[in-house]
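Colleague: Provided herewith is a single structure, encoded as structure tokens, for subsequent inquiry.
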Amino acid sequence: MKRAVTGLIALAAIFTALQAVALPMGQSAPEFTLANLQGKPVKLSDYKGRYVVLEWVNPGCPFVQKHYNSGNMPRLQKDAAAHDVAWLTIDSTKSSHEDYKTPQQLNAWLTEKGAAPTAALLDVDGKVGKLYEAKATPHMFVIDPQGKLIYAGAIDDKRSADVEDVKTANNYVQAALADARAGRPVAKASTQAYGCSIKY
């Protein structure tokens, strides 16, 4: 019985379905500056005038692995780049946690997965993650060229770590970008993020 309870607690820690971000849609996305994997500062405002996607990542999370092992996340990143969308991958894992990766380790993992973000950023003290009220990996945000937040929440509607589910999922990030670029209101501006809890 004790083992079963422990297993349930561990499962709850891994799978986290959380309420959508409390930041109001249509408001200015909070400015931030973070170091990239080469130690150079990157500011959100560097990309004003472009759509920006923020992706919270943790390579140790099965839900993140689903989207990278399937090639889904790298494919989305490359499609974003082809449409001049800036894609910022953010790791808010604290340095004392077993999932923490050094800049070199994170860079190696992203390279191995064929990832193509505009920049990968480290948020070791968790300030930016908490500023955005990011709760899960992956937790996704879309910002328009005026710097307004137009989407926050899950990457898609298949709340599982099963790679096969990627094929039939409705991708909320792609849909938000398509709506916005077509001049339409974003049909789903916020959803519940799912995945692993961020290791603040």
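Identifiers for the structure tokens are assigned positionally: chains receive A, B, ... in sequence, residues are indexed from 1 per chain, and ligands are indexed from 1 in the order shown.
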Please, which residues of chain A, numbered as in this document, come out alpha helix (DSSP H) from DSSP, as a ChimeraX atom specification?

Modeller: /A:2-14,62-69,72-82,103-112,127-131,172-181

Colleague: Which residues are close to region 62-73 of chain A, i.e. within 12 Å by only C-alpha atoms, leaving aside same-chain residues fewer than 6 positions away? Reply as number ranges by chain.

Modeller: A: 11, 13-17, 53, 55-56, 79-80, 87, 89, 91, 99, 109-117, 136-140, 154-156, 158-169, 171, 173-174, 193-198

Colleague: For the selection just defined, write its residues with C-alpha atoms to a file, as a PDB file, in the first residue's frame.

Modeller:
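Done, and the output landed in selection.pdb:
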```pdb
ATOM      1  CA  LEU A  11       3.052  10.303 -10.802  1.00  0.00           C
ATOM      2  CA  ALA A  13       4.732  15.199  -9.527  1.00  0.00           C
ATOM      3  CA  ILE A  14       5.415  14.165 -13.127  1.00  0.00           C
ATOM      4  CA  PHE A  15       2.014  14.853 -14.659  1.00  0.00           C
ATOM      5  CA  THR A  16       0.837  18.346 -13.883  1.00  0.00           C
ATOM      6  CA  ALA A  17      -2.310  19.697 -15.503  1.00  0.00           C
ATOM      7  CA  VAL A  53       7.090  31.930 -29.093  1.00  0.00           C
ATOM      8  CA  GLU A  55       8.739  27.458 -24.787  1.00  0.00           C
ATOM      9  CA  TRP A  56       9.565  26.199 -21.297  1.00  0.00           C
ATOM     10  CA  ASP A  79       8.567  26.315 -39.362  1.00  0.00           C
ATOM     11  CA  ALA A  80       8.567  29.343 -37.067  1.00  0.00           C
ATOM     12  CA  TRP A  87      11.405  31.015 -30.856  1.00  0.00           C
ATOM     13  CA  THR A  89      13.420  28.023 -25.481  1.00  0.00           C
ATOM     14  CA  ASP A  91      15.000  26.276 -19.050  1.00  0.00           C
ATOM     15  CA  ASP A  99      17.255  17.579 -14.033  1.00  0.00           C
ATOM     16  CA  TRP A 109      20.858  17.788 -26.030  1.00  0.00           C
ATOM     17  CA  LEU A 110      19.216  20.361 -28.301  1.00  0.00           C
ATOM     18  CA  THR A 111      21.756  19.612 -31.032  1.00  0.00           C
ATOM     19  CA  GLU A 112      21.157  15.864 -30.691  1.00  0.00           C
ATOM     20  CA  LYS A 113      17.395  16.421 -31.088  1.00  0.00           C
ATOM     21  CA  GLY A 114      17.812  18.618 -34.165  1.00  0.00           C
ATOM     22  CA  ALA A 115      16.297  21.590 -32.343  1.00  0.00           C
ATOM     23  CA  ALA A 116      16.321  25.000 -33.998  1.00  0.00           C
ATOM     24  CA  PRO A 117      15.186  27.692 -31.545  1.00  0.00           C
ATOM     25  CA  ALA A 136       4.833  23.075 -16.729  1.00  0.00           C
ATOM     26  CA  THR A 137       7.233  21.745 -19.309  1.00  0.00           C
ATOM     27  CA  PRO A 138       6.296  22.385 -21.985  1.00  0.00           C
ATOM     28  CA  HIS A 139       4.423  25.624 -21.222  1.00  0.00           C
ATOM     29  CA  MET A 140       3.932  27.781 -24.300  1.00  0.00           C
ATOM     30  CA  ALA A 154      -0.487  23.817 -23.601  1.00  0.00           C
ATOM     31  CA  ILE A 155       1.295  22.966 -26.820  1.00  0.00           C
ATOM     32  CA  ASP A 156      -1.636  20.826 -27.974  1.00  0.00           C
ATOM     33  CA  LYS A 158      -3.275  15.531 -26.343  1.00  0.00           C
ATOM     34  CA  ARG A 159      -2.432  15.535 -22.650  1.00  0.00           C
ATOM     35  CA  SER A 160      -0.110  12.543 -22.663  1.00  0.00           C
ATOM     36  CA  ALA A 161       3.554  11.576 -22.934  1.00  0.00           C
ATOM     37  CA  ASP A 162       2.784   9.180 -25.810  1.00  0.00           C
ATOM     38  CA  VAL A 163       4.776  10.016 -28.954  1.00  0.00           C
ATOM     39  CA  GLU A 164       2.003   8.569 -31.119  1.00  0.00           C
ATOM     40  CA  ASP A 165      -0.436  11.224 -29.914  1.00  0.00           C
ATOM     41  CA  VAL A 166       1.516  13.945 -31.713  1.00  0.00           C
ATOM     42  CA  LYS A 167       0.128  12.731 -35.062  1.00  0.00           C
ATOM     43  CA  THR A 168      -3.502  13.435 -34.164  1.00  0.00           C
ATOM     44  CA  ALA A 169      -3.055  16.430 -31.859  1.00  0.00           C
ATOM     45  CA  ASN A 171      -1.451  22.148 -32.011  1.00  0.00           C
ATOM     46  CA  VAL A 173       0.694  27.221 -30.876  1.00  0.00           C
ATOM     47  CA  GLN A 174       0.498  26.670 -34.631  1.00  0.00           C
ATOM     48  CA  ALA A 193      -0.777  23.608 -19.673  1.00  0.00           C
ATOM     49  CA  TYR A 194       0.148  19.962 -19.136  1.00  0.00           C
ATOM     50  CA  GLY A 195       3.454  18.249 -18.463  1.00  0.00           C
ATOM     51  CA  CYS A 196       5.994  18.098 -15.647  1.00  0.00           C
ATOM     52  CA  SER A 197       6.118  20.767 -12.976  1.00  0.00           C
ATOM     53  CA  ILE A 198       8.926  23.265 -13.483  1.00  0.00           C
TER      54      ILE A 198
END
```

Colleague: Smallest atom-to-atom distance to Glu133 (chain A): which of A:Pro41, A:Pro145, A:Gly26, A:Gly153, using only C-alpha atoms?

Modeller: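 Comparing A:Pro41, A:Pro145, A:Gly26, A:Gly153 against Glu133 (chain A), the winner is A:Gly153.
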
Colleague: Give me every strand (DSSP E or B) residue in region 34-134 of chain A, going by DSSP on the backbone, as a PyMOL selection string.

Modeller: chain A and resi 34-36+41-43+52-56+86-91+119-122

Colleague: Show which residues sit within 10 Å of Ala152 (chain A), as a PyMOL selection string. Count only C-alpha atoms, and ignore same-chain residues fewer than 2 positions away.

Modeller: chain A and resi 20-25+53-54+132+134+139-143+149-150+154-155+172-173+176+188-193

Colleague: Report, in Å to a single decimal, how far apart CA of Leu177 (chain A) and CA of Asp144 (chain A) are.

Modeller: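 Here the two named atoms are 8.7 Å from each other.
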
Colleague: Which one is closest to Gly126 (chain A): A:Leu34, A:Ala180, A:Ala175, A:Ala187? Count only C-alpha atoms.

Modeller: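 Closest to Gly126 (chain A) of all the choices is A:Leu34.
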
Colleague: Pick from A:Tyr200, A:Ala119, A:Ala35, A:Lys48: nearest to Ala81 (chain A), with only C-alpha atoms counted?

Modeller: A:Ala119

Colleague: Mind pulling up the distance from CA of Gly49 (chain A) to CA of Phe32 (chain A)?

Modeller: 16.2 Å

Colleague: Could you tell me how far CA of Val52 (chain A) sits from CA of Gln38 (chain A), in Å to one decimal place?

Modeller: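 Computing the Euclidean distance for CA of Gln38 (chain A) and CA of Val52 (chain A) yields 20.5 Å.
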